[in-house]
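Chemist: Take a look at target_19.txt, compact mmCIF, C-alpha atoms:
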```txt
# COMPACT_ATOMS: atom_id res chain seq x y z
CA MET P 1 81.86 108.26 -11.78
CA THR P 2 79.13 110.72 -10.94
CA GLN P 3 77.86 113.23 -13.42
CA SER P 4 77.45 117.00 -13.23
CA ALA P 5 74.56 117.94 -10.96
CA VAL P 6 71.18 118.41 -12.63
CA PRO P 7 69.19 121.39 -11.26
CA GLY P 8 66.71 120.21 -8.62
CA VAL P 9 67.94 116.63 -8.84
CA LYS P 10 68.16 115.93 -5.09
CA PRO P 11 64.47 116.65 -4.31
CA ARG P 12 63.40 114.50 -7.27
CA LEU P 13 65.67 111.62 -6.29
CA SER P 14 64.48 111.91 -2.68
CA ALA P 15 60.83 111.68 -3.78
CA MET P 16 61.77 108.69 -5.93
CA MET P 17 63.24 106.89 -2.92
CA PHE P 18 60.22 107.76 -0.75
CA LEU P 19 57.80 106.19 -3.21
CA GLN P 20 60.08 103.23 -4.03
CA TYR P 21 60.15 101.99 -0.44
CA ALA P 22 56.63 103.09 0.51
CA ILE P 23 55.38 100.73 -2.22
CA TRP P 24 57.19 97.82 -0.58
CA GLY P 25 56.67 98.78 3.06
CA ALA P 26 52.91 99.05 2.65
CA TRP P 27 52.41 95.28 2.39
CA LEU P 28 55.59 93.32 3.20
CA PRO P 29 55.31 93.31 7.05
CA LEU P 30 51.66 92.20 6.77
CA LEU P 31 51.97 89.54 4.09
CA TRP P 32 52.47 86.55 6.39
CA PRO P 33 49.55 87.27 8.79
CA PHE P 34 47.23 88.13 5.88
CA LEU P 35 47.94 84.94 3.96
CA GLU P 36 47.80 82.77 7.07
CA ASN P 37 44.69 84.19 8.72
CA VAL P 38 42.61 85.43 5.77
CA ARG P 39 43.58 83.19 2.86
CA GLY P 40 44.17 80.13 5.04
CA LEU P 41 47.52 79.21 3.53
CA THR P 42 49.80 76.82 5.34
CA GLY P 43 53.26 77.76 6.53
CA GLU P 44 54.84 75.81 3.68
CA GLN P 45 52.64 77.57 1.12
CA ILE P 46 53.46 80.99 2.56
CA GLY P 47 57.13 80.05 2.44
CA ASN P 48 56.71 79.31 -1.25
CA VAL P 49 55.11 82.73 -1.77
CA PHE P 50 58.11 84.38 -0.11
CA ALA P 51 60.46 82.24 -2.19
CA VAL P 52 58.90 83.18 -5.53
CA GLY P 53 58.96 86.76 -4.32
CA ALA P 54 62.74 86.51 -4.46
CA VAL P 55 62.82 85.16 -7.99
CA GLY P 56 62.59 88.67 -9.41
CA ALA P 57 65.87 89.61 -7.75
CA ILE P 58 67.54 86.59 -9.34
CA VAL P 59 66.41 87.36 -12.89
CA ALA P 60 66.83 91.14 -12.49
CA PRO P 61 70.53 91.31 -13.42
CA PHE P 62 69.91 89.36 -16.60
CA ILE P 63 66.93 91.51 -17.65
CA ALA P 64 66.83 94.93 -16.01
CA GLY P 65 70.57 95.40 -15.60
CA GLN P 66 71.28 94.49 -19.21
CA ILE P 67 68.46 96.69 -20.54
CA ALA P 68 69.34 99.70 -18.37
CA ASP P 69 73.09 99.40 -19.01
CA ARG P 70 72.79 98.82 -22.75
CA TYR P 71 69.48 99.57 -24.44
CA PHE P 72 66.90 101.56 -22.46
CA ALA P 73 66.97 104.78 -20.42
CA THR P 74 66.77 103.89 -16.74
CA GLU P 75 64.04 106.38 -15.84
CA LYS P 76 61.73 105.05 -18.58
CA PHE P 77 62.35 101.45 -17.55
CA LEU P 78 61.46 102.39 -13.95
CA ALA P 79 58.30 104.18 -15.08
CA LEU P 80 56.91 101.27 -17.06
CA SER P 81 57.89 98.75 -14.38
CA HIS P 82 56.08 100.60 -11.60
CA VAL P 83 52.87 101.16 -13.58
CA LEU P 84 52.71 97.45 -14.45
CA GLY P 85 53.61 96.50 -10.88
CA GLY P 86 50.85 98.68 -9.49
CA LEU P 87 48.27 97.01 -11.70
CA LEU P 88 49.45 93.57 -10.54
CA VAL P 89 49.71 94.17 -6.79
CA TRP P 90 46.13 95.50 -6.71
CA GLN P 91 44.99 91.99 -7.67
CA LEU P 92 46.63 90.44 -4.61
CA ALA P 93 43.99 92.08 -2.40
CA SER P 94 41.25 89.88 -3.88
CA ILE P 95 42.89 86.69 -5.21
CA GLU P 96 41.90 83.78 -2.96
CA SER P 97 43.50 80.66 -4.42
CA TYR P 98 47.01 79.60 -3.51
CA GLU P 99 47.92 79.08 -7.16
CA GLY P 100 46.68 82.55 -8.09
CA ILE P 101 48.57 84.22 -5.25
CA LEU P 102 51.73 82.31 -6.16
CA GLY P 103 51.48 83.24 -9.85
CA PHE P 104 50.81 86.91 -9.27
CA SER P 105 53.57 87.07 -6.63
CA LEU P 106 56.03 85.66 -9.13
CA ALA P 107 54.98 88.12 -11.84
CA TYR P 108 55.11 91.06 -9.45
CA SER P 109 58.54 90.12 -8.11
CA ILE P 110 59.98 89.98 -11.63
CA ILE P 111 58.66 93.48 -12.28
CA TYR P 112 59.33 95.16 -8.91
CA SER P 113 62.64 93.65 -7.74
CA PRO P 114 64.82 95.16 -10.51
CA THR P 115 63.62 98.65 -9.57
CA LEU P 116 65.32 98.46 -6.17
CA SER P 117 68.84 98.42 -7.58
CA LEU P 118 68.02 100.71 -10.50
CA THR P 119 66.88 103.51 -8.17
CA ASN P 120 70.29 103.23 -6.49
CA SER P 121 71.96 103.29 -9.88
CA ILE P 122 70.13 106.37 -11.12
CA ALA P 123 70.91 108.20 -7.87
CA PHE P 124 74.62 107.34 -8.04
CA HIS P 125 74.65 108.46 -11.68
CA HIS P 126 73.36 111.98 -10.99
CA LEU P 127 74.61 112.87 -7.50
CA PRO P 128 77.81 114.94 -7.58
CA ASP P 129 79.28 113.36 -4.41
CA ARG P 130 78.09 109.85 -3.46
CA ASP P 131 79.58 109.93 0.06
CA ARG P 132 78.03 113.29 0.83
CA ASP P 133 74.71 113.05 -1.00
CA PHE P 134 73.53 109.47 -1.37
CA GLY P 135 72.69 108.97 2.29
CA LYS P 136 70.64 112.17 2.32
CA VAL P 137 68.65 110.96 -0.68
CA ARG P 138 68.30 107.28 0.31
CA VAL P 139 67.03 108.18 3.80
CA TRP P 140 63.76 109.29 2.21
CA GLY P 141 63.14 105.68 1.26
CA THR P 142 63.23 104.85 4.96
CA VAL P 143 60.84 107.73 5.68
CA GLY P 144 58.47 106.29 3.08
CA TRP P 145 58.56 102.86 4.76
CA ILE P 146 57.82 104.43 8.17
CA VAL P 147 54.97 106.60 6.92
CA VAL P 148 53.10 103.74 5.23
CA GLY P 149 53.84 101.31 8.08
CA ILE P 150 52.34 103.57 10.72
CA GLY P 151 49.65 104.74 8.30
CA ILE P 152 48.43 101.20 7.62
CA GLY P 153 48.56 100.42 11.35
CA GLN P 154 46.40 103.45 12.12
CA TRP P 155 44.05 102.60 9.22
CA LEU P 156 43.52 99.12 10.66
CA LEU P 157 42.91 100.63 14.10
CA MET P 158 40.37 103.21 12.89
CA ARG P 159 38.62 101.46 10.00
CA HIS P 160 38.96 97.76 10.75
CA SER P 161 38.51 97.62 14.52
CA PRO P 162 34.70 97.45 14.98
CA ALA P 163 33.38 98.94 18.22
CA GLY P 164 32.33 96.32 20.74
CA VAL P 165 34.15 93.50 18.94
CA THR P 166 36.92 91.77 20.88
CA GLY P 167 39.08 88.68 20.86
CA ASP P 168 39.37 86.50 17.76
CA ALA P 169 36.61 88.39 15.92
CA LEU P 170 38.51 91.67 16.29
CA ASP P 171 41.75 90.05 15.14
CA LEU P 172 40.01 88.61 12.07
CA ALA P 173 38.53 92.00 11.14
CA ARG P 174 41.98 93.53 11.26
CA TYR P 175 43.53 90.70 9.28
CA GLU P 176 40.89 91.11 6.58
CA GLY P 177 41.56 94.85 6.53
CA MET P 178 45.17 94.14 5.59
CA ALA P 179 43.98 93.69 2.01
CA ASP P 180 43.94 97.50 1.88
CA ALA P 181 47.74 97.43 2.16
CA PHE P 182 47.95 95.91 -1.33
CA ARG P 183 45.56 98.54 -2.71
CA LEU P 184 47.63 101.35 -1.18
CA SER P 185 50.80 99.83 -2.63
CA ALA P 186 49.16 99.71 -6.07
CA ILE P 187 48.17 103.38 -5.91
CA LEU P 188 51.67 104.37 -4.83
CA GLY P 189 53.19 102.20 -7.56
CA ILE P 190 51.22 103.87 -10.36
CA ALA P 191 52.04 107.29 -8.89
CA MET P 192 55.71 106.32 -8.84
CA GLY P 193 55.54 105.17 -12.46
CA LEU P 194 54.16 108.50 -13.61
CA PHE P 195 56.67 110.38 -11.47
CA CYS P 196 59.61 108.48 -13.00
CA PHE P 197 59.00 110.23 -16.34
CA THR P 198 60.12 113.44 -14.59
CA LEU P 199 63.44 111.98 -13.40
CA PRO P 200 66.70 113.15 -15.04
CA HIS P 201 67.59 111.31 -18.21
CA THR P 202 69.92 108.35 -17.61
CA PRO P 203 70.88 106.90 -21.00
CA PRO P 204 72.29 103.42 -21.58
CA ALA P 205 75.96 102.94 -22.42
CA ARG P 206 75.48 102.43 -26.17
CA GLY P 207 78.08 100.96 -28.44
CA GLU P 208 79.10 98.10 -26.15
CA GLU P 209 78.74 94.63 -27.58
CA LYS P 210 79.52 92.52 -24.52
CA ASN P 211 76.84 91.45 -22.08
CA ALA P 212 76.87 93.89 -19.16
CA THR P 213 75.86 91.26 -16.60
CA PHE P 214 78.69 88.88 -17.50
CA GLU P 215 81.16 91.77 -17.52
CA ALA P 216 79.98 92.69 -14.03
CA LEU P 217 80.37 89.06 -12.92
CA GLY P 218 83.90 89.12 -14.27
CA GLU P 219 84.76 92.25 -12.30
CA VAL P 220 83.39 90.70 -9.11
CA GLY P 221 85.46 87.55 -9.64
CA ARG P 222 88.65 89.53 -10.30
CA THR P 223 88.25 91.93 -7.36
CA ARG P 224 88.94 90.45 -3.91
CA THR P 225 87.00 93.21 -2.14
CA LEU P 226 83.86 92.50 -4.15
CA LEU P 227 84.23 88.71 -4.07
CA VAL P 228 84.45 88.61 -0.25
CA LEU P 229 81.55 91.04 0.04
CA PHE P 230 79.32 89.03 -2.30
CA LEU P 231 80.11 85.77 -0.48
CA LEU P 232 79.40 87.28 2.94
CA ALA P 233 76.17 88.83 1.69
CA VAL P 234 74.51 85.39 1.40
CA PRO P 235 74.65 84.43 5.10
CA VAL P 236 74.03 88.04 6.16
CA SER P 237 70.87 88.12 4.05
CA CYS P 238 69.76 84.87 5.72
CA ILE P 239 70.28 86.49 9.14
CA HIS P 240 68.34 89.53 7.91
CA GLN P 241 65.46 87.26 6.87
CA PHE P 242 65.22 85.77 10.37
CA TYR P 243 64.34 89.24 11.61
CA PHE P 244 61.55 89.85 9.12
CA VAL P 245 60.06 86.36 9.37
CA HIS P 246 60.04 85.84 13.14
CA THR P 247 60.16 89.22 14.89
CA ALA P 248 56.46 90.09 14.61
CA GLY P 249 55.41 86.94 16.47
CA PHE P 250 58.19 87.42 19.00
CA LEU P 251 57.14 91.00 19.73
CA GLY P 252 53.55 90.03 20.49
CA GLN P 253 54.43 88.90 24.01
CA PHE P 254 55.97 92.27 24.82
CA GLN P 255 53.07 94.39 23.61
CA SER P 256 50.44 93.02 25.96
CA GLY P 257 51.56 95.07 28.96
CA ALA P 258 51.46 98.38 27.10
CA ALA P 259 49.38 97.52 24.06
CA GLU P 260 47.04 100.50 24.30
CA THR P 261 49.88 103.00 24.38
CA ILE P 262 51.71 101.27 21.55
CA ASP P 263 48.54 101.04 19.45
CA LYS P 264 47.92 104.77 19.79
CA VAL P 265 51.39 105.54 18.47
CA PHE P 266 52.06 102.78 15.95
CA GLY P 267 48.63 101.38 15.18
CA VAL P 268 47.92 97.64 15.05
CA GLY P 269 49.04 94.75 12.90
CA GLY P 270 52.75 94.75 13.83
CA GLY P 271 54.09 96.67 10.86
CA GLY P 272 53.92 100.00 12.64
CA LEU P 273 55.82 98.81 15.71
CA MET P 274 58.65 97.44 13.61
CA THR P 275 59.19 100.91 12.09
CA ILE P 276 61.24 101.68 15.21
CA GLY P 277 64.01 99.99 13.26
CA GLN P 278 63.48 102.25 10.27
CA MET P 279 63.48 105.32 12.52
CA SER P 280 66.92 104.39 13.81
CA GLU P 281 67.94 103.71 10.21
CA ILE P 282 67.31 107.38 9.41
CA ALA P 283 69.83 108.48 12.04
CA VAL P 284 72.42 105.99 10.79
CA LEU P 285 71.99 106.94 7.13
CA ALA P 286 72.28 110.61 8.07
CA LEU P 287 75.65 109.96 9.73
CA ILE P 288 77.16 107.69 7.10
CA PRO P 289 77.95 110.51 4.61
CA VAL P 290 80.06 112.09 7.36
CA VAL P 291 81.85 109.00 8.63
CA ALA P 292 82.25 107.32 5.20
CA LYS P 293 84.91 109.87 4.24
CA LYS P 294 87.06 108.96 7.24
CA VAL P 295 86.19 105.45 8.45
CA PRO P 296 87.37 102.39 6.48
CA ARG P 297 84.62 100.40 4.82
CA ARG P 298 85.65 97.25 6.71
CA ALA P 299 85.08 98.99 10.05
CA LEU P 300 81.60 100.09 9.02
CA LEU P 301 80.74 96.61 7.76
CA ALA P 302 82.00 95.13 11.04
CA VAL P 303 79.76 97.45 13.06
CA GLY P 304 76.80 96.22 11.03
CA LEU P 305 77.64 92.58 11.75
CA LEU P 306 78.11 93.31 15.45
CA ALA P 307 74.67 94.92 15.50
CA TYR P 308 73.13 91.83 13.88
CA GLY P 309 74.67 89.62 16.55
CA LEU P 310 73.71 91.88 19.46
CA ARG P 311 70.11 92.17 18.28
CA MET P 312 69.74 88.41 18.01
CA ALA P 313 71.41 87.96 21.42
CA ILE P 314 68.88 90.33 23.01
CA PHE P 315 65.98 88.49 21.40
CA ALA P 316 67.41 85.09 22.33
CA HIS P 317 67.88 85.92 26.01
CA ALA P 318 64.97 88.33 26.54
CA ASP P 319 63.07 85.92 28.78
CA ALA P 320 66.02 85.77 31.18
CA LEU P 321 66.16 89.55 31.59
CA PRO P 322 64.56 91.33 34.58
CA GLU P 323 61.04 92.44 33.72
CA ALA P 324 61.89 96.10 34.32
CA VAL P 325 64.48 96.17 31.53
CA ARG P 326 63.10 93.47 29.22
CA THR P 327 60.81 95.56 27.05
CA PRO P 328 63.21 98.55 26.74
CA LEU P 329 66.01 96.22 25.67
CA VAL P 330 63.80 94.46 23.13
CA MET P 331 62.85 97.87 21.70
CA PHE P 332 66.57 98.67 21.58
CA GLY P 333 67.04 95.41 19.68
CA ILE P 334 64.51 96.56 17.09
CA ALA P 335 66.30 99.90 16.86
CA LEU P 336 69.57 98.11 16.06
CA HIS P 337 68.08 97.51 12.62
CA GLY P 338 69.44 100.93 11.70
CA LEU P 339 73.04 99.83 12.26
CA CYS P 340 72.41 96.41 10.69
CA PHE P 341 71.04 97.87 7.48
CA GLY P 342 73.01 101.09 7.33
CA CYS P 343 76.48 99.82 8.20
CA PHE P 344 76.38 96.57 6.27
CA ILE P 345 73.84 96.54 3.44
CA PHE P 346 73.90 100.26 2.63
CA VAL P 347 77.70 100.49 2.81
CA ALA P 348 77.98 97.30 0.76
CA PHE P 349 76.01 98.91 -2.08
CA MET P 350 78.43 101.86 -1.89
CA VAL P 351 81.40 99.49 -2.21
CA VAL P 352 79.84 97.78 -5.22
CA ASP P 353 79.38 101.14 -6.92
CA GLU P 354 82.93 102.23 -6.09
CA GLU P 355 84.69 99.09 -7.24
CA THR P 356 82.96 98.54 -10.62
CA SER P 357 83.45 100.35 -13.93
CA SER P 358 80.80 102.83 -15.06
CA ASP P 359 79.40 100.85 -18.00
CA VAL P 360 78.44 97.81 -15.87
CA ARG P 361 77.51 99.60 -12.67
CA ALA P 362 73.75 99.04 -12.95
CA SER P 363 74.33 95.33 -13.60
CA ALA P 364 76.69 95.07 -10.63
CA GLN P 365 74.10 96.72 -8.40
CA SER P 366 71.49 94.26 -9.69
CA LEU P 367 73.82 91.34 -9.02
CA PHE P 368 74.34 92.41 -5.43
CA ASN P 369 70.60 92.98 -5.10
CA LEU P 370 70.22 89.39 -6.37
CA VAL P 371 72.25 88.16 -3.41
CA ILE P 372 70.54 90.34 -0.79
CA VAL P 373 66.87 90.02 -1.78
CA GLY P 374 67.11 86.96 -4.02
CA ILE P 375 69.36 84.10 -3.02
CA GLY P 376 69.56 85.23 0.60
CA ILE P 377 65.81 85.45 1.03
CA ILE P 378 65.18 82.03 -0.53
CA VAL P 379 67.88 80.31 1.52
CA GLY P 380 67.08 82.39 4.61
CA SER P 381 63.37 81.56 4.48
CA MET P 382 64.14 77.85 4.20
CA ILE P 383 66.60 77.96 7.09
CA ALA P 384 64.34 80.14 9.24
CA GLY P 385 61.45 77.74 8.71
CA ARG P 386 63.50 74.68 9.65
CA VAL P 387 65.01 76.37 12.69
CA ALA P 388 61.52 77.41 13.77
CA GLU P 389 60.43 73.76 13.66
CA TRP P 390 63.52 72.80 15.66
CA ALA P 391 62.71 75.50 18.24
CA LYS P 392 59.05 74.51 18.75
CA LEU P 393 58.05 73.58 22.30
CA GLU P 394 56.23 70.32 22.94
CA GLY P 395 53.24 72.07 24.48
CA GLY P 396 53.07 74.71 21.75
CA GLY P 397 54.82 78.01 21.29
CA THR P 398 58.45 78.70 20.42
CA ASP P 399 61.73 78.54 22.30
CA TYR P 400 63.06 81.91 21.19
CA GLU P 401 66.44 81.31 22.82
CA ARG P 402 67.02 78.39 20.46
CA LEU P 403 65.47 80.21 17.52
CA PHE P 404 67.52 83.42 17.69
CA SER P 405 70.75 81.79 18.87
CA VAL P 406 71.28 80.45 15.33
CA PRO P 407 71.47 83.86 13.58
CA MET P 408 73.35 85.26 16.60
CA TRP P 409 76.24 82.81 16.16
CA ALA P 410 76.06 83.13 12.38
CA SER P 411 76.59 86.89 12.74
CA LEU P 412 79.73 86.34 14.79
CA VAL P 413 81.13 83.87 12.26
CA CYS P 414 80.52 86.39 9.46
CA LEU P 415 82.32 89.05 11.50
CA VAL P 416 85.41 86.85 11.88
CA LEU P 417 85.42 86.06 8.15
CA LEU P 418 85.14 89.77 7.32
CA LEU P 419 88.06 90.71 9.56
CA VAL P 420 90.25 87.94 8.15
CA PHE P 421 89.56 88.13 4.42
CA TYR P 422 88.23 91.61 3.53
CA ARG P 423 90.74 94.10 2.11
CA ALA P 424 90.27 97.78 1.39
CA GLY P 425 89.20 98.71 -2.14
CA ALA P 426 90.70 101.42 -4.32
CA HIS P 427 88.21 104.07 -3.12
CA ASP P 428 88.25 103.10 0.56
CA PRO P 429 89.36 105.80 3.06
CA ALA P 430 91.79 103.22 4.44
CA ARG P 431 93.70 103.47 1.14
CA ARG P 432 93.66 107.26 0.97
CA VAL P 433 96.71 107.82 3.13
CA PRO P 434 100.20 109.14 2.34
CA SER P 435 101.81 105.73 2.90
CA ASP P 436 99.58 104.11 0.26
CA THR P 437 101.74 102.05 -2.07
CA GLY P 438 98.93 101.10 -4.43
CA SER P 439 99.22 97.42 -3.51
```
Could I get this file's structure written as structure tokens?

Modeler:
Amino acid sequence: MTQSAVPGVKPRLSAMMFLQYAIWGAWLPLLWPFLENVRGLTGEQIGNVFAVGAVGAIVAPFIAGQIADRYFATEKFLALSHVLGGLLVWQLASIESYEGILGFSLAYSIIYSPTLSLTNSIAFHHLPDRDRDFGKVRVWGTVGWIVVGIGIGQWLLMRHSPAGVTGDALDLARYEGMADAFRLSAILGIAMGLFCFTLPHTPPARGEEKNATFEALGEVGRTRTLLVLFLLAVPVSCIHQFYFVHTAGFLGQFQSGAAETIDKVFGVGGGGLMTIGQMSEIAVLALIPVVAKKVPRRALLAVGLLAYGLRMAIFAHADALPEAVRTPLVMFGIALHGLCFGCFIFVAFMVVDEETSSDVRASAQSLFNLVIVGIGIIVGSMIAGRVAEWAKLEGGGTDYERLFSVPMWASLVCLVLLLVFYRAGAHDPARRVPSDTGS
């Protein structure tokens, strides 16, 4: 359970979340266009880069979770990881060979990925009331993503958009400027590493002899709530990956009519525009601490799955919509990211924390992180790539109705499976009623 509140802990944990996700948000939305247009990598090669980027999430539970749960204070592990990660990601701005990019991406993923779940773990450890406080702290991670996304977009507009240059030459200048996103991420990473030494002390659970990761796996296998959630997380993560892989290209056709206005607000490059989703995420995360005390976890998870399906339905059928409502509805589809992330992924992390014992909690968080940003991303990238080939038009371009119909139907299938098989856990509001028999 949570510990007694440390003085000033919420501002420190909020700053931790801001930096944690600013580091990631600085470069992730721009990675595909940078590698394709500046480094000249093929689609298959870029897919491999994304795949090795998920390897870190797979090995994280067996390295970071075990160390943080058993041997090493979490805040110190975070500090060293972020300093090393910052030094590595700086190199990605200048490495030109495919092999070099692949190797550094693998090394960086192994270092950075474990920190995602460990920041959740350290926050849960020190916040006095997870339902009330965690959303208020985690929302600053979303703010960090928005700030760097729009900031990089504006940087590309101001510093990498030469006056008098248009067309392909202007696009290339902006693509080349995306290397600065890696440099910004590196600076933020080193700053985060130094800041982590100021976080409240989170000691390991000493004296335990069993492997924390395998204990966590055992708890997942024995708990129906967790087992269903972990199994559903794989297809949901694949659906999530469709959004991040294909949305930027899809949105390009909607920007042309109002590109100047959008550029002034969000900058260029695509990453800024997609922060509409993170802005809606803030509102959702702000509400979850209120509704989580009253609404069953299954209902919240179902809302998230419905949002996934609705977003993909809007994208799939956008071309059939009247022109007057097309762009507003597509922007609404982007905004649904808040419900997708907040009601499914965020709530799922809460369930994992609630349903596991304290001495394996960090490992359980890492295991779920493995599914969301590890297995799901690898499988999702492979599926998204194959579906994209299936949806290609003979004369060039993409049939987005075919492309987005796949994750749309997958979302509905996941919703049915959730409603049929998911049962309330011990800490679920659905169980906190007078008629509760403890069954």

Chemist: Contacts of P:Trp155 at 9 Å or less, counting all atoms listed in the file, minus same-chain residues fewer than 6 places along, as number ranges by chain?

Modeler: P: 177, 180, 267-268

Chemist: Find the residues near P:Gly141: any atom within 12 Å, counting all atoms listed in the file, skip ones fewer than 4 places away on the same chain, and give them as a PyMOL selection string.

Modeler: chain P and resi 13-25+116+119-120+134-137+145-148+278-279+281-282+285

Chemist: Please compute the atom CA of P:Leu156-atom CA of P:Arg174 distance, one decimal, in Å.

Modeler: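 Here the two named atoms are 5.8 Å from each other.
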
Chemist: Grab the atom CA of P:Asp171 to atom CA of P:Leu184 distance for me, in Å with one decimal place.

Modeler: 20.7 Å

Chemist: Mind giving me the straight-line distance from atom CA of P:Pro407 to atom CA of P:Val325 in Å, one decimal?

Modeler: 22.9 Å

Chemist: Which polymer residues, protein or nucleic acid, are no farther than 12 Å from (54.7, 111.7, -11.0), counting only C-alpha atoms, as a ChimeraX atom specification?

Modeler: /P:12-13,15-16,19,75,78-79,82-83,187-199

Chemist: Using only C-alpha atoms, which residues sit within 7 Å of P:Pro203 once same-chain residues fewer than 2 positions away are excluded, as an NGL selection string?

Modeler: :P and (72-74 or 201 or 205)

Chemist: Write a file of the selected residues as an mmCIF file, in the frame of the given file, keeping C-alpha atoms.

Modeler:
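Done, and the output landed in result.cif:
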```cif
data_model
loop_
_atom_site.group_PDB
_atom_site.id
_atom_site.type_symbol
_atom_site.label_atom_id
_atom_site.label_comp_id
_atom_site.auth_asym_id
_atom_site.auth_seq_id
_atom_site.Cartn_x
_atom_site.Cartn_y
_atom_site.Cartn_z
ATOM 1 C CA PHE P 72 66.900 101.560 -22.460
ATOM 2 C CA ALA P 73 66.970 104.780 -20.420
ATOM 3 C CA THR P 74 66.770 103.890 -16.740
ATOM 4 C CA HIS P 201 67.590 111.310 -18.210
ATOM 5 C CA ALA P 205 75.960 102.940 -22.420
#
```

Chemist: Nearest to P:Val330: which of P:Ser117, P:Ser280, P:Gln241, P:Thr247 is it, counting all atoms listed in the file?

Modeler: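 Ranked by minimum distance to P:Val330, first place goes to P:Thr247.
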
Chemist: Could you check the closest approach to P:Tyr175 for each of P:Val38, P:Leu102, P:Ala320, P:Leu305 and tell me which residue wins, using only C-alpha atoms?

Modeler: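 Of P:Val38, P:Leu102, P:Ala320, P:Leu305, the one nearest P:Tyr175 is P:Val38, counting only C-alpha atoms.
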
Chemist: Would you please work out which residue, of P:Val387, P:Trp32, P:Lys10, P:Leu84, is nearest to P:Pro128 when using only C-alpha atoms?

Modeler: P:Lys10

Chemist: Could you check which of P:Phe349, P:Phe230, P:Phe50, P:Phe250 is closest to P:Ala316, using all atoms listed in the file?

Modeler: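 Of P:Phe349, P:Phe230, P:Phe50, P:Phe250, the one nearest P:Ala316 is P:Phe250, counting all atoms listed in the file.
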
Chemist: So, counting all atoms listed in the file, which residue among P:Asp168, P:Val416, P:Ile262, P:Leu273 is closest to P:Ala248?

Modeler: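 Closest to P:Ala248 of all the choices is P:Leu273.
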
Chemist: Looking at only C-alpha atoms, which of P:Ile378, P:Val406, P:Val52, P:Val352 is the one that sits closest to P:Glu99?

Modeler: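 The answer is P:Val52, which sits nearest to P:Glu99.
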
Chemist: Please, can stretch 171-183 of chain P be completed to N, CA and C atoms and returned as a PDB file, in the coordinates of the input?

Modeler:
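New file result28.pdb:
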```
ATOM      1  N   ASP P 171      40.531  90.386  15.872  1.00  0.00           N
ATOM      2  CA  ASP P 171      41.750  90.050  15.140  1.00  0.00           C
ATOM      3  C   ASP P 171      41.434  89.741  13.680  1.00  0.00           C
ATOM      4  N   LEU P 172      40.366  88.977  13.439  1.00  0.00           N
ATOM      5  CA  LEU P 172      40.010  88.610  12.070  1.00  0.00           C
ATOM      6  C   LEU P 172      39.636  89.849  11.253  1.00  0.00           C
ATOM      7  N   ALA P 173      38.900  90.776  11.859  1.00  0.00           N
ATOM      8  CA  ALA P 173      38.530  92.000  11.140  1.00  0.00           C
ATOM      9  C   ALA P 173      39.766  92.778  10.717  1.00  0.00           C
ATOM     10  N   ARG P 174      40.745  92.812  11.587  1.00  0.00           N
ATOM     11  CA  ARG P 174      41.980  93.530  11.260  1.00  0.00           C
ATOM     12  C   ARG P 174      42.784  92.790  10.203  1.00  0.00           C
ATOM     13  N   TYR P 175      42.831  91.475  10.300  1.00  0.00           N
ATOM     14  CA  TYR P 175      43.530  90.700   9.280  1.00  0.00           C
ATOM     15  C   TYR P 175      42.900  90.923   7.902  1.00  0.00           C
ATOM     16  N   GLU P 176      41.568  90.895   7.860  1.00  0.00           N
ATOM     17  CA  GLU P 176      40.890  91.110   6.580  1.00  0.00           C
ATOM     18  C   GLU P 176      41.147  92.511   6.047  1.00  0.00           C
ATOM     19  N   GLY P 177      41.273  93.476   6.951  1.00  0.00           N
ATOM     20  CA  GLY P 177      41.560  94.850   6.530  1.00  0.00           C
ATOM     21  C   GLY P 177      42.932  95.016   5.919  1.00  0.00           C
ATOM     22  N   MET P 178      43.820  94.054   6.159  1.00  0.00           N
ATOM     23  CA  MET P 178      45.170  94.140   5.590  1.00  0.00           C
ATOM     24  C   MET P 178      45.176  94.084   4.074  1.00  0.00           C
ATOM     25  N   ALA P 179      44.068  93.661   3.470  1.00  0.00           N
ATOM     26  CA  ALA P 179      43.980  93.690   2.010  1.00  0.00           C
ATOM     27  C   ALA P 179      44.153  95.106   1.471  1.00  0.00           C
ATOM     28  N   ASP P 180      43.790  96.095   2.300  1.00  0.00           N
ATOM     29  CA  ASP P 180      43.940  97.500   1.880  1.00  0.00           C
ATOM     30  C   ASP P 180      45.404  97.876   1.684  1.00  0.00           C
ATOM     31  N   ALA P 181      46.317  97.132   2.327  1.00  0.00           N
ATOM     32  CA  ALA P 181      47.740  97.430   2.160  1.00  0.00           C
ATOM     33  C   ALA P 181      48.172  97.203   0.711  1.00  0.00           C
ATOM     34  N   PHE P 182      47.628  96.168   0.067  1.00  0.00           N
ATOM     35  CA  PHE P 182      47.950  95.910  -1.330  1.00  0.00           C
ATOM     36  C   PHE P 182      47.388  97.019  -2.228  1.00  0.00           C
ATOM     37  N   ARG P 183      46.183  97.474  -1.904  1.00  0.00           N
ATOM     38  CA  ARG P 183      45.560  98.540  -2.710  1.00  0.00           C
ATOM     39  C   ARG P 183      46.360  99.839  -2.583  1.00  0.00           C
TER      40      ARG P 183
END
```
